[in-house]
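> Input: one structure, supplied below.
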Amino acid sequence: MAEPMLQVRDLHAWYGESHILHGIDFDVAEGEVVTLLGRNGAGKTTTLRSIMGLVSRRTGSIRYRGAEIIGERSDLIARRGIALCPEERGIFASLSVAENLVLPPVVAPGGLDLATLHTLFPNLQERSRSQGTRLSGGEQQMLAIARILRTGARLLLLDEPTEGLAPVIVQQIGHTIAEIKARGFTVLLVEQNFRFASTVADRYYVVEHGRVIDMIPNAQLEANMDKLHQYLGV
Amino acid sequence: MVTIFGKPLILLYGQLTLGLINGAFYALLSLGLAVIFGLLNIINFTHGALFMLGAFTTWALLNYAGIGYWPSLILAPIIIGALGLVIERVLIKRIAGLDHLYGLLLTFGLSLIIEGLMRNRFGSSGVPYEIPSVLQGATNLGFMVLPRYRAWVVVAAVVMCFFTWLLIEKTRLGATLRAATENAPLVQAFGVNVPRLVTLTYGGGVALAAFAGVLAAPMNSVNPNMGSNLIVVVFAVVVIGGMGSILGSILTGFGLGIIEGLTKVYYPEGSATVIFVVMALVLLLRPAGLFGRAT
Ligand SMILES: Nc1ncnc2c1ncn2[C@@H]1O[C@H](COP(=O)(O)OP(=O)(O)OP(=O)(O)O)[C@@H](O)[C@H]1O
Ligand SMILES: [Mg+2]
């Protein structure tokens with residue numbers, strides 16, 4: 001079998017003295033939507049940030065399309081075609097909506113053009129001259145997703161894109177993820193809401209105390225509900 | 001004789017012009033400091049010394065290479081800007097992320113070294129530089145006689161400030177710079193080479209200081225202390241305008257120059273301190289500065 005698009009092995013990460021990840025292992029195949037589930041503080045965000053090179057101290061192995069990237073600078077990792085939509089959304093207050101949208105440089109051909117993005121997210125076009133942070137929470141989330149779709153990155157790391165949003169917006173984000181999956185993008189998603197995740201995900205990894213403790217394919221989700229409830233404490 | 005509040009109009013116009021000229025230098029220098037502070041988070045105490053080196057480079061280009069004022073207006077900022085790139089790469093980069101105090105000590109020490117070396121070589125009184133011939137003399141405007149070189153300095157500074165503002169607020173490169181000022185790690189994680197952007201920004205801020213140095217060269221003598229005399233006031237301007245605000249530093253620079261000029265007319269004894277009084281008031285009432293965003 002060919003090597004998966006993303007292969008994470010024995011990933012450890014630290015913030016200062018605190019040892020946060022204790023050996024994370026998982027794979028993401030090209031074209032898949034894979035979801036990391038886990039309680040608050042389990043280490044999901046830290047895992048995404050480690051892949052993106054945003055955690056200064058990390059060990060183990062992160063291979064992307066066969067290349068080891070764990071020691072690489074984050075801008076070089078981005079240029080390989082990985083993009084992050086951060087948990088706090090990261091919309092820039094000193095930039096307009098339009099400027100936020102085109103801020104990330106194009107790293108490869110094949111990204112969505114502005115016209116397509118404006119069809120997917122009509123609000124962004126209407127409000128293109130507003131200050132980025134004047135958008136509603138939902139609109140900011142769309143902007144944070146839209147701007148990484150433009151860059152041609154093929155592996156998208158989405159950190160809790162539905163957090164704190166109204167059901168209708170959650171639905172719209174669900175459609176967006178389905179749409180980008182149909183276009184062949186690969187998505188590594190962090191979600192607390194596995195009802196939402198079940199509408200888009202192929203597989204789930206459960207993270208606890210900085211380790212991956214289980215993997216569940218979407219087809220076996222129903223059969224594993226009790227176990228999942230227990231893992232997530234819901 | 002026409003007077004206003006008991007002062008002759010001629011005197012008022014004269015001091016206002018002087019105020020505008022000082023304001024032009026405050027604006028150019030504080031603009032560079034603001035850009036550098038925004039992205040690098042260091043208070044660049046070397047700024048005054050690099051301004052002085054800009055003036056000396058102008059002098060040296062003429063005396064060693066026969067290159068006159070107008071080419072120097074472009075060449076000196078490029079030369080000193082390049083020196084800035086080296087300073088950032090070799091020294092400032094090493095203290096990135098440490099406490100403000102390290103940046104302050106490093107850049108302050110560096111300015112002492114630069115000024116000391118220049119004083120050794122040129123003495124304290126400095127060397128003369130002639131006003132370019134087209135700008136010599138004065139124009140009679142009817143209500144006052146305006147020395148042409150001074151008018152030129154104000155125009156050049158306004159134009160330079162405007163283009164810097166345009167670059168930062170209206171271009172793609174400027175948007176990247178503003179974004180990196182807010183959240184550099186995220187901008188880097190989008191694929192922007194932020195370390196290079198930081199180096200270029202420092203070089204750009206320093207080039208602005210050198211440009212001001214070229215403008216200053218024909219005004220008094222080109223001397224090793226010209227930077228340190230000015231920079232103390234410029235830091236007050238930056239504090240008043242609000243650290244890191246682009247438009248704020250420009251407006252505050254010109255505004256305080258004018259206030260200083262007016263004080264010279266109405267209360268000459270206070271003219272040397274008025275800016276610091278304003279600074280104290282602003283710090284008390286609006287600690288983030290007039291244009292600064294509270295953090
Ligand atoms: N900058 C930081 N400095 C120190 N500790 C941190 C930092 N960021 C996160 N942590 C700690 O690391 C652990 C994992 O955090 P992380 O953000 O990865 O969790 P998470 O699984 O994403 O949680 P959530 O679902 O709440 O977003 C937590 O215990 C958190 O307190
Ligand atoms: Mg998180």
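We label chains A, B, ... in the order they appear in the structure tokens, count residues from 1 in each chain, and number ligands from 1 in the order shown.
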Show me, as a ChimeraX atom specification, the residues of chain A whose atoms get within 7 Å of chain B, using only C-alpha atoms for the distance check.
/A:52,74-76,78-79,83,92,94-95,99,103-105
> Could you name the residues that touch Ser128 (chain A) at 12 Å or less, counting only C-alpha atoms, but leaving out those on the same chain fewer than 6 positions away, as a PyMOL selection string?
chain A and resi 95-102+114+118+121-122+134-135+139-140+143
> Using only C-alpha atoms and all ligand atoms, which residues have at least one atom no more than 10 Å from ligand 2? Output them as a list of chain:residue names.
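I would give the residues around ligand 2 as A:Gly38, A:Arg39, A:Asn40, A:Gly41, A:Ala42, A:Gly43, A:Lys44, A:Thr45, A:Thr46, A:Thr47, A:Leu48, A:Arg49, A:Pro86, A:Glu87, A:Glu88, A:Asp159, A:Glu160, A:Glu163, A:Val190, A:Glu191, A:Gln192.
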> Export, as a short mmCIF file (atom, residue, chain, number, x, y, z; two decimals), in the first residue's frame, the selected residues with N, CA, C and O atoms.

```cif
data_model
loop_
_atom_site.label_atom_id
_atom_site.label_comp_id
_atom_site.auth_asym_id
_atom_site.auth_seq_id
_atom_site.Cartn_x
_atom_site.Cartn_y
_atom_site.Cartn_z
N GLY A 38 -12.20 14.40 20.98
CA GLY A 38 -11.57 14.31 22.29
C GLY A 38 -12.06 15.40 23.19
O GLY A 38 -12.59 16.42 22.72
N ARG A 39 -11.90 15.19 24.50
CA ARG A 39 -12.38 16.19 25.46
C ARG A 39 -11.58 17.47 25.37
O ARG A 39 -10.51 17.50 24.76
N ASN A 40 -12.07 18.49 26.04
CA ASN A 40 -11.32 19.75 26.14
C ASN A 40 -9.96 19.49 26.73
O ASN A 40 -9.83 18.76 27.72
N GLY A 41 -8.95 20.04 26.11
CA GLY A 41 -7.60 19.91 26.64
C GLY A 41 -6.92 18.60 26.30
O GLY A 41 -5.83 18.32 26.79
N ALA A 42 -7.55 17.79 25.45
CA ALA A 42 -6.96 16.49 25.12
C ALA A 42 -5.69 16.62 24.28
O ALA A 42 -4.82 15.76 24.29
N GLY A 43 -5.60 17.70 23.51
CA GLY A 43 -4.41 17.91 22.69
C GLY A 43 -4.71 17.97 21.20
O GLY A 43 -3.80 17.85 20.37
N LYS A 44 -5.96 18.17 20.83
CA LYS A 44 -6.34 18.18 19.41
C LYS A 44 -5.74 19.40 18.70
O LYS A 44 -5.11 19.28 17.65
N THR A 45 -5.95 20.58 19.29
CA THR A 45 -5.40 21.79 18.70
C THR A 45 -3.89 21.71 18.63
O THR A 45 -3.28 22.07 17.61
N THR A 46 -3.28 21.21 19.69
CA THR A 46 -1.82 21.09 19.72
C THR A 46 -1.33 20.16 18.60
O THR A 46 -0.28 20.40 18.00
N THR A 47 -2.11 19.13 18.30
CA THR A 47 -1.74 18.23 17.21
C THR A 47 -1.73 18.99 15.88
O THR A 47 -0.76 18.91 15.11
N LEU A 48 -2.79 19.75 15.60
CA LEU A 48 -2.83 20.52 14.35
C LEU A 48 -1.70 21.54 14.31
O LEU A 48 -1.04 21.71 13.27
N ARG A 49 -1.48 22.22 15.43
CA ARG A 49 -0.42 23.24 15.45
C ARG A 49 0.96 22.61 15.25
O ARG A 49 1.85 23.21 14.65
N PRO A 86 -7.42 28.18 12.06
CA PRO A 86 -7.18 28.01 13.49
C PRO A 86 -8.45 28.09 14.33
O PRO A 86 -9.46 28.63 13.88
N GLU A 87 -8.36 27.54 15.52
CA GLU A 87 -9.51 27.48 16.41
C GLU A 87 -10.08 28.88 16.69
O GLU A 87 -11.28 29.08 16.73
N GLU A 88 -9.15 29.86 16.88
CA GLU A 88 -9.63 31.21 17.20
C GLU A 88 -9.90 32.01 15.93
O GLU A 88 -10.13 33.20 15.99
N ASP A 159 -9.84 23.51 12.63
CA ASP A 159 -9.95 23.35 14.08
C ASP A 159 -11.30 23.87 14.59
O ASP A 159 -11.51 25.07 14.68
N GLU A 160 -12.18 22.95 14.90
CA GLU A 160 -13.52 23.26 15.42
C GLU A 160 -14.23 24.36 14.65
O GLU A 160 -14.58 25.41 15.21
N GLU A 163 -17.62 25.64 16.22
CA GLU A 163 -17.70 26.03 17.63
C GLU A 163 -18.48 27.34 17.81
O GLU A 163 -18.17 28.35 17.21
N VAL A 190 -10.96 18.90 13.47
CA VAL A 190 -11.11 18.73 14.92
C VAL A 190 -12.54 19.10 15.26
O VAL A 190 -13.02 20.16 14.84
N GLU A 191 -13.25 18.23 15.95
CA GLU A 191 -14.64 18.53 16.31
C GLU A 191 -14.98 17.97 17.68
O GLU A 191 -14.54 16.89 18.04
N GLN A 192 -15.78 18.71 18.41
CA GLN A 192 -16.34 18.17 19.65
C GLN A 192 -17.69 17.55 19.34
O GLN A 192 -18.17 16.66 20.01
#
```
> DSSP on the backbone, alpha helix (DSSP H) only: what residues of region 91-242 of chain B does that give? Format it as a ChimeraX atom specification.
/B:100-122,148-170,172-189,194-216,226-241
> Name the residues in contact with region 131-145 of chain B at a cut-off of 7 Å, using only C-alpha atoms, excluding same-chain residues fewer than 3 positions from it; report them as a PyMOL selection string.
chain B and resi 10+69+148-149+218
> Print the selection's residues with N, CA and C atoms to a file, as a PDB file, in the first residue's frame.

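As a result, again.pdb now contains:
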```pdb
ATOM      1  N   ILE B  10       4.714  88.378  11.097  1.00  0.00           N
ATOM      2  CA  ILE B  10       5.939  87.886  10.475  1.00  0.00           C
ATOM      3  C   ILE B  10       6.605  86.844  11.364  1.00  0.00           C
ATOM      4  N   TYR B  69      23.585  66.081  -4.386  1.00  0.00           N
ATOM      5  CA  TYR B  69      22.430  65.975  -3.492  1.00  0.00           C
ATOM      6  C   TYR B  69      21.333  65.077  -4.054  1.00  0.00           C
ATOM      7  N   ARG B 148      13.756  78.690   0.202  1.00  0.00           N
ATOM      8  CA  ARG B 148      13.299  77.604  -0.682  1.00  0.00           C
ATOM      9  C   ARG B 148      13.634  76.217  -0.139  1.00  0.00           C
ATOM     10  N   TYR B 149      14.835  76.085   0.451  1.00  0.00           N
ATOM     11  CA  TYR B 149      15.207  74.745   0.896  1.00  0.00           C
ATOM     12  C   TYR B 149      14.246  74.235   1.975  1.00  0.00           C
ATOM     13  N   PRO B 218      21.964  69.665   4.450  1.00  0.00           N
ATOM     14  CA  PRO B 218      22.281  71.062   4.150  1.00  0.00           C
ATOM     15  C   PRO B 218      21.736  72.061   5.168  1.00  0.00           C
TER      16      PRO B 218
END
```
> Extract, using only C-alpha atoms, all DNA, RNA and protein residues at most 12 Å from region 62-67 of chain B, discarding same-chain residues fewer than 4 positions from it, and format them as an mmCIF file with N, CA, C and O atoms, in the first residue's frame.

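Result file result_11.cif:
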```cif
data_model
loop_
_atom_site.group_PDB
_atom_site.id
_atom_site.type_symbol
_atom_site.label_atom_id
_atom_site.label_comp_id
_atom_site.auth_asym_id
_atom_site.auth_seq_id
_atom_site.Cartn_x
_atom_site.Cartn_y
_atom_site.Cartn_z
ATOM 1 N N ALA B 55 22.973 61.459 6.734
ATOM 2 C CA ALA B 55 23.527 62.771 6.399
ATOM 3 C C ALA B 55 25.008 62.650 6.024
ATOM 4 O O ALA B 55 25.476 63.249 5.052
ATOM 5 N N PHE B 56 25.771 61.880 6.793
ATOM 6 C CA PHE B 56 27.202 61.712 6.493
ATOM 7 C C PHE B 56 27.416 60.988 5.166
ATOM 8 O O PHE B 56 28.381 61.271 4.444
ATOM 9 N N THR B 57 26.531 60.030 4.858
ATOM 10 C CA THR B 57 26.656 59.339 3.578
ATOM 11 C C THR B 57 26.483 60.336 2.433
ATOM 12 O O THR B 57 27.217 60.294 1.434
ATOM 13 N N THR B 58 25.531 61.237 2.599
ATOM 14 C CA THR B 58 25.318 62.284 1.595
ATOM 15 C C THR B 58 26.594 63.107 1.408
ATOM 16 O O THR B 58 27.035 63.373 0.289
ATOM 17 N N PRO B 71 21.033 62.622 -6.502
ATOM 18 C CA PRO B 71 21.222 61.165 -6.461
ATOM 19 C C PRO B 71 21.325 60.636 -5.025
ATOM 20 O O PRO B 71 20.842 59.545 -4.723
ATOM 21 N N SER B 72 21.919 61.438 -4.141
ATOM 22 C CA SER B 72 22.074 60.993 -2.751
ATOM 23 C C SER B 72 20.733 60.769 -2.074
ATOM 24 O O SER B 72 20.604 59.927 -1.186
ATOM 25 N N LEU B 73 19.753 61.536 -2.507
ATOM 26 C CA LEU B 73 18.419 61.407 -1.923
ATOM 27 C C LEU B 73 17.896 59.982 -2.079
ATOM 28 O O LEU B 73 17.092 59.507 -1.273
ATOM 29 N N ILE B 74 18.352 59.306 -3.124
ATOM 30 C CA ILE B 74 17.967 57.910 -3.320
ATOM 31 C C ILE B 74 19.067 56.969 -2.832
ATOM 32 O O ILE B 74 18.788 55.964 -2.183
ATOM 33 N N LEU B 75 20.342 57.326 -3.129
ATOM 34 C CA LEU B 75 21.449 56.414 -2.805
ATOM 35 C C LEU B 75 21.666 56.257 -1.303
ATOM 36 O O LEU B 75 21.856 55.141 -0.813
ATOM 37 N N ALA B 76 21.644 57.363 -0.567
ATOM 38 C CA ALA B 76 21.935 57.266 0.875
ATOM 39 C C ALA B 76 20.921 56.382 1.602
ATOM 40 O O ALA B 76 21.325 55.529 2.399
ATOM 41 N N VAL B 127 30.900 68.654 9.570
ATOM 42 C CA VAL B 127 31.355 69.130 8.265
ATOM 43 C C VAL B 127 30.191 69.838 7.565
ATOM 44 O O VAL B 127 29.046 69.510 7.798
ATOM 45 N N PRO B 128 30.502 70.823 6.722
ATOM 46 C CA PRO B 128 29.418 71.559 6.052
ATOM 47 C C PRO B 128 28.920 70.833 4.807
ATOM 48 O O PRO B 128 29.658 70.066 4.192
ATOM 49 N N TYR B 129 27.676 71.102 4.434
ATOM 50 C CA TYR B 129 27.128 70.578 3.185
ATOM 51 C C TYR B 129 26.277 71.678 2.573
ATOM 52 O O TYR B 129 25.426 72.263 3.243
ATOM 53 N N GLU B 130 26.506 71.964 1.300
ATOM 54 C CA GLU B 130 25.819 73.089 0.664
ATOM 55 C C GLU B 130 24.408 72.745 0.212
ATOM 56 O O GLU B 130 24.161 71.625 -0.247
ATOM 57 N N PRO B 132 21.664 72.483 -2.423
ATOM 58 C CA PRO B 132 21.745 72.378 -3.884
ATOM 59 C C PRO B 132 21.317 73.692 -4.546
ATOM 60 O O PRO B 132 20.405 74.362 -4.060
ATOM 61 N N VAL B 214 19.391 62.856 4.766
ATOM 62 C CA VAL B 214 19.786 63.579 3.558
ATOM 63 C C VAL B 214 19.146 64.966 3.559
ATOM 64 O O VAL B 214 19.803 65.981 3.281
ATOM 65 N N ALA B 217 21.002 67.234 5.882
ATOM 66 C CA ALA B 217 22.421 67.524 5.651
ATOM 67 C C ALA B 217 22.695 69.005 5.353
ATOM 68 O O ALA B 217 23.582 69.603 5.966
#
```
> Between A:Leu158, A:Leu6, A:His12, A:Asp25, which one has atoms that come closest to Val212 (chain A), using only C-alpha atoms?
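Using only C-alpha atoms, Val212 (chain A) sits closest to A:Asp25.
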> Can you list, as a compact mmCIF listing (two decimals) with C-alpha atoms, in the first residue's frame, every protein, DNA or RNA residue that comes within 7 Å of Met52 (chain B) when you count only C-alpha atoms, leaving out same-chain residues fewer than 4 positions away?

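Writing done, so here's result16.txt:
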```txt
# COMPACT_ATOMS: atom_id res chain seq x y z
CA GLY B 48 19.02 58.69 15.48
CA PHE B 56 27.20 61.71 6.49
CA GLY B 213 19.25 62.53 7.18
CA PRO B 224 27.85 63.22 14.80
CA MET B 226 22.62 65.58 15.05
CA GLY B 227 20.78 62.29 15.61
```
> Using only C-alpha atoms and all ligand atoms, which residue out of A:Arg195, A:Arg129, A:His19, A:Arg57 lies closest to ligand 1?
A:His19
> Which residue is closest to ligand 1? Choose from A:Leu37, A:Ile24, A:Ile82, A:Ile51 and count only C-alpha atoms and all ligand atoms.
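Of A:Leu37, A:Ile24, A:Ile82, A:Ile51, the one nearest ligand 1, counting only C-alpha atoms and all ligand atoms, is A:Leu37.
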> Applying 8 Å and only C-alpha atoms, which residues near Leu156 (chain A) remain after dropping the ones on its own chain fewer than 2 positions away? List them as a list in words.
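Near neighbours after the sequence-gap exclusion: Ile82, Ala83, Leu84, Cys85, Ile148, Ala153, Arg154, Leu158, Phe185, Thr186, Val187 and Leu188 of chain A.
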> Can I get the selected residues back with C-alpha atoms, as an mmCIF file, in the first residue's frame?

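As a result, part-v7.cif now contains:
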```
data_model
loop_
_atom_site.group_PDB
_atom_site.id
_atom_site.type_symbol
_atom_site.label_atom_id
_atom_site.label_comp_id
_atom_site.auth_asym_id
_atom_site.auth_seq_id
_atom_site.Cartn_x
_atom_site.Cartn_y
_atom_site.Cartn_z
ATOM 1 C CA ILE A 82 -0.901 22.283 4.097
ATOM 2 C CA ALA A 83 -3.133 25.046 5.463
ATOM 3 C CA LEU A 84 -4.614 25.720 8.878
ATOM 4 C CA CYS A 85 -7.947 27.248 9.835
ATOM 5 C CA ILE A 148 -7.261 28.734 2.783
ATOM 6 C CA ALA A 153 -3.206 23.768 -0.363
ATOM 7 C CA ARG A 154 -4.478 20.186 -0.605
ATOM 8 C CA LEU A 158 -9.843 22.754 10.329
ATOM 9 C CA PHE A 185 -9.312 18.225 -0.924
ATOM 10 C CA THR A 186 -8.149 16.265 2.096
ATOM 11 C CA VAL A 187 -9.425 17.452 5.459
ATOM 12 C CA LEU A 188 -8.194 16.861 8.985
#
```
> Would you compute the distance between CA of Asn229 (chain B) and CA of Leu117 (chain B)? Give it in Å to one decimal.
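According to the coordinates, CA of Asn229 (chain B) and CA of Leu117 (chain B) are separated by 16.9 Å.
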> Just give me the gap between CA of Thr151 (chain A) and CA of Ile180 (chain A) in Å, one decimal is fine.
13.2 Å
> List every residue of region 104-187 of chain A that DSSP, applied to the backbone, labels as strand (DSSP E), and write the result as a ChimeraX atom specification.
/A:155-159,186-187
> Could those selected residues go to a file with N, CA and C atoms, as an mmCIF file, in the first residue's frame?

```cif
data_model
loop_
_atom_site.group_PDB
_atom_site.id
_atom_site.type_symbol
_atom_site.label_atom_id
_atom_site.label_comp_id
_atom_site.auth_asym_id
_atom_site.auth_seq_id
_atom_site.Cartn_x
_atom_site.Cartn_y
_atom_site.Cartn_z
ATOM 1 N N LEU A 155 -4.126 19.787 1.774
ATOM 2 C CA LEU A 155 -4.494 19.225 3.077
ATOM 3 C C LEU A 155 -4.930 20.375 3.971
ATOM 4 N N LEU A 156 -6.199 20.370 4.374
ATOM 5 C CA LEU A 156 -6.735 21.467 5.171
ATOM 6 C C LEU A 156 -6.932 21.007 6.609
ATOM 7 N N LEU A 157 -6.380 21.751 7.540
ATOM 8 C CA LEU A 157 -6.535 21.436 8.952
ATOM 9 C C LEU A 157 -7.579 22.392 9.520
ATOM 10 N N LEU A 158 -8.760 21.886 9.849
ATOM 11 C CA LEU A 158 -9.843 22.754 10.329
ATOM 12 C C LEU A 158 -10.074 22.500 11.816
ATOM 13 N N ASP A 159 -9.840 23.509 12.629
ATOM 14 C CA ASP A 159 -9.950 23.345 14.082
ATOM 15 C C ASP A 159 -11.297 23.868 14.589
ATOM 16 N N THR A 186 -8.243 17.149 0.950
ATOM 17 C CA THR A 186 -8.149 16.265 2.096
ATOM 18 C C THR A 186 -8.328 17.116 3.343
ATOM 19 N N VAL A 187 -9.118 16.622 4.294
ATOM 20 C CA VAL A 187 -9.425 17.452 5.459
ATOM 21 C C VAL A 187 -9.104 16.691 6.740
#
```
> Contacts of Phe37 (chain B) at 8 Å or less, counting only C-alpha atoms, minus same-chain residues fewer than 5 places along, as a list in words?
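With the cut-off at 8 Å, the set is Ile42, Ile43, Asn44, Met243 and Gly244 of chain B.
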> Can you spit out the residues from that selection as a CSV table (one decimal), in the first residue's frame, using N, CA, C and O atoms?

```
chain,number,residue,atom,x,y,z
B,42,ILE,N,10.6,46.1,18.9
B,42,ILE,CA,11.7,46.7,19.5
B,42,ILE,C,11.7,48.2,19.4
B,42,ILE,O,11.2,48.7,18.4
B,43,ILE,N,12.2,48.9,20.4
B,43,ILE,CA,12.3,50.3,20.3
B,43,ILE,C,13.6,50.6,19.8
B,43,ILE,O,14.6,50.4,20.4
B,44,ASN,N,13.7,51.1,18.5
B,44,ASN,CA,15.0,51.2,17.8
B,44,ASN,C,15.7,52.4,18.2
B,44,ASN,O,15.7,53.5,17.5
B,243,MET,N,2.5,54.1,20.0
B,243,MET,CA,3.4,53.2,19.5
B,243,MET,C,2.8,52.4,18.3
B,243,MET,O,1.8,51.8,18.5
B,244,GLY,N,3.4,52.4,17.2
B,244,GLY,CA,3.0,51.5,16.2
B,244,GLY,C,1.9,52.0,15.2
B,244,GLY,O,1.5,51.3,14.3
```
> Which distance in Å separates CA of Ala67 (chain A) and CA of Asp27 (chain A), to one decimal?
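Calculated distance between CA of Ala67 (chain A) and CA of Asp27 (chain A) is 14.0 Å.
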